[in-house]
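Containing mmCIF, C-alpha atoms: structure.cif.
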```cif
data_target
#
loop_
_atom_site.group_PDB
_atom_site.id
_atom_site.type_symbol
_atom_site.label_atom_id
_atom_site.label_comp_id
_atom_site.auth_asym_id
_atom_site.auth_seq_id
_atom_site.Cartn_x
_atom_site.Cartn_y
_atom_site.Cartn_z
ATOM 1 C CA MET A 3 98.963 96.997 77.982
ATOM 2 C CA LYS A 4 102.434 98.273 78.899
ATOM 3 C CA LYS A 5 104.224 96.389 81.683
ATOM 4 C CA ILE A 6 106.372 98.582 83.906
ATOM 5 C CA ALA A 7 108.897 97.446 86.504
ATOM 6 C CA VAL A 8 108.811 99.520 89.701
ATOM 7 C CA ILE A 9 112.117 99.191 91.518
ATOM 8 C CA LEU A 10 112.013 99.379 95.317
ATOM 9 C CA SER A 11 114.874 99.535 97.828
ATOM 10 C CA GLY A 12 113.223 98.755 101.148
ATOM 11 C CA CYS A 13 110.464 100.432 103.137
ATOM 12 C CA GLY A 14 110.968 103.907 104.576
ATOM 13 C CA VAL A 15 112.551 107.139 103.405
ATOM 14 C CA PHE A 16 115.685 107.010 105.573
ATOM 15 C CA ASP A 17 116.865 103.487 104.710
ATOM 16 C CA GLY A 18 114.670 102.252 101.867
ATOM 17 C CA SER A 19 112.009 103.430 99.430
ATOM 18 C CA GLU A 20 110.146 106.684 100.056
ATOM 19 C CA ILE A 21 106.659 105.309 100.685
ATOM 20 C CA HIS A 22 104.664 108.301 99.402
ATOM 21 C CA GLU A 23 106.642 108.302 96.172
ATOM 22 C CA ALA A 24 106.230 104.547 95.732
ATOM 23 C CA VAL A 25 102.476 104.634 96.265
ATOM 24 C CA LEU A 26 102.001 107.663 94.006
ATOM 25 C CA ILE A 27 103.977 105.964 91.221
ATOM 26 C CA LEU A 28 101.743 102.900 91.512
ATOM 27 C CA LEU A 29 98.646 105.123 91.560
ATOM 28 C CA ALA A 30 99.769 107.012 88.453
ATOM 29 C CA LEU A 31 100.499 103.776 86.613
ATOM 30 C CA ASP A 32 97.091 102.367 87.579
ATOM 31 C CA ASN A 33 95.299 105.601 86.627
ATOM 32 C CA ASN A 34 96.964 105.519 83.218
ATOM 33 C CA GLY A 35 96.074 101.934 82.418
ATOM 34 C CA ALA A 36 99.482 100.324 82.858
ATOM 35 C CA GLN A 37 100.366 96.954 84.307
ATOM 36 C CA TYR A 38 103.182 97.026 86.843
ATOM 37 C CA GLU A 39 105.340 94.636 88.803
ATOM 38 C CA CYS A 40 107.411 95.578 91.838
ATOM 39 C CA LEU A 41 111.008 94.382 92.004
ATOM 40 C CA ALA A 42 113.793 94.617 94.590
ATOM 41 C CA PRO A 43 117.146 92.938 95.206
ATOM 42 C CA ASN A 44 117.231 90.067 97.686
ATOM 43 C CA ILE A 45 120.031 91.504 99.837
ATOM 44 C CA GLU A 46 120.571 92.707 103.368
ATOM 45 C CA GLN A 47 120.023 96.427 103.927
ATOM 46 C CA ASN A 48 123.199 98.452 104.286
ATOM 47 C CA ARG A 49 121.723 100.254 107.277
ATOM 48 C CA VAL A 50 118.510 100.303 109.309
ATOM 49 C CA VAL A 51 117.093 103.548 110.709
ATOM 50 C CA ASN A 52 114.483 104.029 113.438
ATOM 51 C CA HIS A 53 112.102 106.323 111.550
ATOM 52 C CA LEU A 54 110.683 107.740 114.782
ATOM 53 C CA THR A 55 114.026 108.921 116.166
ATOM 54 C CA GLN A 56 115.885 108.969 112.815
ATOM 55 C CA GLN A 57 118.754 107.177 114.535
ATOM 56 C CA MET A 58 120.693 104.188 113.207
ATOM 57 C CA THR A 59 119.935 100.824 114.836
ATOM 58 C CA ASP A 60 121.675 97.436 114.981
ATOM 59 C CA GLU A 61 118.724 95.665 113.336
ATOM 60 C CA LYS A 62 119.202 93.506 110.250
ATOM 61 C CA ARG A 63 116.589 93.751 107.507
ATOM 62 C CA ASN A 64 116.268 92.358 103.999
ATOM 63 C CA VAL A 65 115.581 94.750 101.111
ATOM 64 C CA LEU A 66 113.210 92.392 99.277
ATOM 65 C CA VAL A 67 111.290 91.490 102.439
ATOM 66 C CA GLU A 68 110.915 95.132 103.472
ATOM 67 C CA SER A 69 109.922 96.201 99.953
ATOM 68 C CA ALA A 70 107.187 93.558 100.015
ATOM 69 C CA ARG A 71 105.424 95.692 102.646
ATOM 70 C CA ILE A 72 104.810 98.399 100.048
ATOM 71 C CA ALA A 73 103.987 95.899 97.298
ATOM 72 C CA ARG A 74 101.420 94.063 99.467
ATOM 73 C CA GLY A 75 103.513 90.935 99.046
ATOM 74 C CA GLU A 76 103.345 91.022 95.246
ATOM 75 C CA ILE A 77 107.029 91.454 94.432
ATOM 76 C CA GLN A 78 109.834 89.670 92.619
ATOM 77 C CA ASP A 79 113.578 89.355 93.192
ATOM 78 C CA ILE A 80 115.154 91.616 90.563
ATOM 79 C CA GLY A 81 117.861 89.003 90.074
ATOM 80 C CA LYS A 82 115.299 86.422 88.907
ATOM 81 C CA VAL A 83 113.379 88.379 86.243
ATOM 82 C CA LYS A 84 114.200 89.296 82.652
ATOM 83 C CA ALA A 85 114.358 92.870 81.424
ATOM 84 C CA ALA A 86 112.934 91.607 78.136
ATOM 85 C CA ASP A 87 109.610 90.967 79.896
ATOM 86 C CA PHE A 88 109.143 94.682 80.665
ATOM 87 C CA ASP A 89 108.477 97.751 78.527
ATOM 88 C CA ALA A 90 110.063 100.222 80.959
ATOM 89 C CA ALA A 91 111.137 100.729 84.575
ATOM 90 C CA ILE A 92 110.703 103.391 87.232
ATOM 91 C CA PHE A 93 113.088 103.692 90.170
ATOM 92 C CA VAL A 94 111.506 104.925 93.397
ATOM 93 C CA GLY A 95 113.307 107.492 95.531
ATOM 94 C CA GLY A 96 114.240 107.236 99.187
ATOM 95 C CA PHE A 97 117.673 106.845 100.757
ATOM 96 C CA GLY A 98 117.668 103.145 99.954
ATOM 97 C CA ALA A 99 118.521 104.088 96.363
ATOM 98 C CA ALA A 100 121.774 105.511 97.714
ATOM 99 C CA THR A 101 122.484 102.792 100.315
ATOM 100 C CA ASN A 102 120.929 99.558 99.022
ATOM 101 C CA LEU A 103 120.607 99.861 95.246
ATOM 102 C CA SER A 104 123.972 101.610 95.253
ATOM 103 C CA ASP A 105 126.620 102.815 97.682
ATOM 104 C CA PHE A 106 126.338 106.457 96.577
ATOM 105 C CA ALA A 107 125.764 107.601 100.181
ATOM 106 C CA MET A 108 129.105 106.136 101.186
ATOM 107 C CA ARG A 109 131.268 106.504 98.066
ATOM 108 C CA GLY A 110 129.763 109.420 96.153
ATOM 109 C CA THR A 111 131.029 109.670 92.593
ATOM 110 C CA GLU A 112 132.946 106.402 92.970
ATOM 111 C CA CYS A 113 129.746 104.502 93.774
ATOM 112 C CA GLN A 114 128.755 101.151 92.324
ATOM 113 C CA LEU A 115 125.287 99.714 91.811
ATOM 114 C CA GLU A 116 124.012 96.498 93.356
ATOM 115 C CA ALA A 117 124.923 93.816 90.816
ATOM 116 C CA ASN A 118 121.483 92.488 89.876
ATOM 117 C CA THR A 119 119.975 95.983 89.788
ATOM 118 C CA LEU A 120 122.704 97.120 87.415
ATOM 119 C CA LYS A 121 122.306 94.045 85.207
ATOM 120 C CA PHE A 122 118.540 94.580 84.908
ATOM 121 C CA ALA A 123 118.820 98.322 84.265
ATOM 122 C CA ARG A 124 121.628 98.006 81.727
ATOM 123 C CA ALA A 125 119.614 95.419 79.801
ATOM 124 C CA LEU A 126 116.700 97.854 79.584
ATOM 125 C CA TYR A 127 118.995 100.690 78.569
ATOM 126 C CA GLU A 128 120.744 98.688 75.888
ATOM 127 C CA ALA A 129 117.334 97.619 74.530
ATOM 128 C CA LYS A 130 116.459 101.339 74.311
ATOM 129 C CA LYS A 131 113.560 100.964 76.732
ATOM 130 C CA PRO A 132 112.656 104.030 78.814
ATOM 131 C CA MET A 133 113.407 104.437 82.495
ATOM 132 C CA GLY A 134 112.138 106.915 85.063
ATOM 133 C CA PHE A 135 114.067 108.101 88.108
ATOM 134 C CA VAL A 136 112.405 109.786 91.093
ATOM 135 C CA CYS A 137 113.934 111.867 93.908
ATOM 136 C CA ILE A 138 117.536 110.759 94.686
ATOM 137 C CA SER A 139 117.450 107.788 92.292
ATOM 138 C CA PRO A 140 118.897 109.743 89.309
ATOM 139 C CA VAL A 141 122.282 108.973 90.902
ATOM 140 C CA LEU A 142 121.654 105.435 89.638
ATOM 141 C CA ALA A 143 121.015 106.688 86.108
ATOM 142 C CA ALA A 144 124.383 108.409 86.043
ATOM 143 C CA LYS A 145 125.997 104.970 86.414
ATOM 144 C CA ILE A 146 123.554 103.052 84.225
ATOM 145 C CA CYS A 147 123.590 105.380 81.224
ATOM 146 C CA ASP A 148 126.251 106.775 78.937
ATOM 147 C CA VAL A 149 128.048 110.042 79.651
ATOM 148 C CA GLY A 150 125.859 113.025 78.832
ATOM 149 C CA VAL A 151 122.566 111.684 80.169
ATOM 150 C CA VAL A 152 120.303 114.577 81.224
ATOM 151 C CA LEU A 153 118.973 114.337 84.793
ATOM 152 C CA THR A 154 117.625 116.432 87.627
ATOM 153 C CA ALA A 155 118.304 116.585 91.344
ATOM 154 C CA GLY A 156 115.779 119.363 91.834
ATOM 155 C CA GLU A 157 117.653 122.221 93.451
ATOM 156 C CA ASP A 158 120.136 120.114 95.445
ATOM 157 C CA THR A 159 123.502 121.660 94.588
ATOM 158 C CA ALA A 160 125.622 118.990 96.294
ATOM 159 C CA VAL A 161 123.961 116.074 94.488
ATOM 160 C CA SER A 162 123.909 118.007 91.211
ATOM 161 C CA GLU A 163 127.648 118.602 91.426
ATOM 162 C CA LYS A 164 128.293 114.902 91.979
ATOM 163 C CA LEU A 165 126.032 113.966 89.085
ATOM 164 C CA GLU A 166 128.004 116.306 86.846
ATOM 165 C CA GLN A 167 131.281 114.784 88.061
ATOM 166 C CA MET A 168 129.813 111.398 87.091
ATOM 167 C CA GLY A 169 129.251 112.646 83.550
ATOM 168 C CA ALA A 170 125.599 113.693 83.649
ATOM 169 C CA VAL A 171 124.082 116.940 82.440
ATOM 170 C CA VAL A 172 121.960 118.353 85.263
ATOM 171 C CA GLU A 173 118.897 120.565 84.921
ATOM 172 C CA PRO A 174 117.039 122.187 87.834
ATOM 173 C CA CYS A 175 113.428 121.141 88.206
ATOM 174 C CA SER A 176 110.477 121.741 90.515
ATOM 175 C CA ALA A 177 108.579 118.908 92.186
ATOM 176 C CA ASP A 178 105.566 119.422 89.931
ATOM 177 C CA SER A 179 107.554 118.958 86.726
ATOM 178 C CA MET A 180 110.049 116.613 85.078
ATOM 179 C CA VAL A 181 113.199 116.559 82.954
ATOM 180 C CA VAL A 182 113.227 114.477 79.773
ATOM 181 C CA ASP A 183 116.299 113.139 77.993
ATOM 182 C CA SER A 184 114.785 112.042 74.675
ATOM 183 C CA GLU A 185 118.035 110.651 73.303
ATOM 184 C CA HIS A 186 118.598 108.256 76.192
ATOM 185 C CA LYS A 187 114.886 107.735 76.992
ATOM 186 C CA ILE A 188 115.420 108.834 80.583
ATOM 187 C CA VAL A 189 112.857 110.842 82.575
ATOM 188 C CA SER A 190 113.446 112.235 86.072
ATOM 189 C CA THR A 191 111.525 114.249 88.639
ATOM 190 C CA PRO A 192 112.812 115.494 92.026
ATOM 191 C CA ALA A 193 109.743 114.684 94.153
ATOM 192 C CA TYR A 194 110.679 115.082 97.841
ATOM 193 C CA MET A 195 114.123 116.426 96.973
ATOM 194 C CA VAL A 196 112.253 119.736 96.749
ATOM 195 C CA GLY A 197 108.536 118.957 97.161
ATOM 196 C CA LYS A 198 106.531 119.725 100.290
ATOM 197 C CA GLY A 199 103.706 117.213 100.094
ATOM 198 C CA PRO A 200 101.954 114.404 98.181
ATOM 199 C CA ALA A 201 99.762 116.635 96.014
ATOM 200 C CA GLU A 202 102.751 118.586 94.716
ATOM 201 C CA ILE A 203 104.998 115.614 94.026
ATOM 202 C CA TYR A 204 102.177 113.663 92.392
ATOM 203 C CA GLN A 205 102.069 116.236 89.605
ATOM 204 C CA GLY A 206 105.688 115.542 88.682
ATOM 205 C CA ILE A 207 105.318 111.804 89.158
ATOM 206 C CA GLU A 208 102.243 111.572 86.959
ATOM 207 C CA GLN A 209 103.952 113.570 84.217
ATOM 208 C CA LEU A 210 106.901 111.174 84.413
ATOM 209 C CA VAL A 211 104.622 108.138 84.284
ATOM 210 C CA ARG A 212 102.625 109.506 81.345
ATOM 211 C CA HIS A 213 105.782 110.234 79.386
ATOM 212 C CA ILE A 214 107.283 106.824 80.139
ATOM 213 C CA LEU A 215 104.112 105.134 78.871
ATOM 214 C CA LEU A 216 104.060 107.372 75.794
ATOM 215 C CA ILE A 217 107.555 106.401 74.673
ATOM 216 C CA ALA A 218 107.587 102.783 75.899
#
```
Structure translated into structure tokens:
Amino acid sequence: MKKIAVILSGCGVFDGSEIHEAVLILLALDNNGAQYECLAPNIEQNRVVNHLTQQMTDEKRNVLVESARIARGEIQDIGKVKAADFDAAIFVGGFGAATNLSDFAMRGTECQLEANTLKFARALYEAKKPMGFVCISPVLAAKICDVGVVLTAGEDTAVSEKLEQMGAVVEPCSADSMVVDSEHKIVSTPAYMVGKGPAEIYQGIEQLVRHILLIA
């Protein structure tokens, strides 16, 4: 049975993991007979947003603790696991990918990844193990992978331009589909970057999951 790492960045679309995307990834993995383990960095969130008002707050929250809400408490600190114990990884979307797993939201093309997240992902990449990137998380792949990695940001022109400036090759994609880079073993789908609801984005997510399991 393939063991897949699911990388979370908090709990909630505006400052952490997009919950629909996270749950649908776990559902697709379960439906396709895969074992999974949720991981997140044990760090303070860069920002906390009131999801009712969509306004920033002064609260302090921990990424691992918040991610544990989605994982039903079954989650590991990404800094304390070995990439060698996994066959592949899937990075969940949500703004936390751009504020907690990286500082892309603040620094754009000059962004850096959270240290333990980068270490884990680079180890997978160097071992030629596949990785999937959902929604905004392909910005992470542009820093993890070599120049020329093929990614999608759906139809988001601004993000696509930044990905290209970071050395990626960008392809447009609908929410019910995916983009595959066979050379680098990278699969991406835009999900809520363009999708309107769970049924639509699940189609793209399940295709991504199936392909990851096929090549893992």
Applied to the shown file, which residues does the PyMOL selection byres ((chain A and resi 27-36) around 6) return, written as a ChimeraX atom specification? /A:3-4,24-26,37,208
List the neighbours of Lys84 of chain A out to 9 Å using only C-alpha atoms; skip same-chain residues closer than 3 positions along the sequence, and give me the result as JSON, numbers by chain. {"A": [80, 81, 87, 88, 122, 125]}
Result set of the PyMOL selection byres ((chain A and resi 207) around 8) on the coordinates above, as a ChimeraX atom specification: /A:23,26-27,30,136,178-180,191,193,203-206,208-211
Please enumerate the residues selected by the PyMOL selection byres ((chain A and resi 90-101) around 6) when evaluated against the supplied file, formatted as JSON, numbers by chain. {"A": [6, 7, 8, 9, 10, 11, 15, 16, 17, 18, 19, 20, 24, 48, 88, 89, 102, 103, 104, 105, 106, 107, 131, 132, 133, 134, 135, 136, 137, 138, 139]}
Report, in Å with one decimal, the straight-line distance from atom CA of Gly14 of chain A to atom CA of His53 of chain A. 7.5 Å
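Across the model, the gap from atom CA of Lys121 of chain A to atom CA of Glu173 of chain A is 26.7 Å.
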Selected residue of minimal separation from Asp60 of chain A among A:Gly12, A:Cys40, A:Pro174, A:Gln47, counting all atoms listed in the file: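 Among the listed residues, the smallest separation from Asp60 of chain A belongs to A:Gln47.
Reported to one decimal place, the separation of atom CA of Gly199 of chain A from atom CA of Val65 of chain A is 25.4 Å.
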I want to know what sits within 10 Å of Ser184 of chain A, based on only C-alpha atoms, with residues of the same chain fewer than 6 positions away left out; could you give that as number ranges by chain? A: 132, 151-152, 217
Restricting the calculation to only C-alpha atoms: of A:Ile188, A:Leu41, A:Cys175, A:Ile146, which residue gets closest to Asp79 of chain A?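 Distance minimum relative to Asp79 of chain A lands on A:Leu41.
For the choices A:Gly110, A:Glu163, A:Glu116, A:Tyr127, the atom-to-atom distance to Asp148 of chain A is smallest for A:Tyr127 when using only C-alpha atoms.
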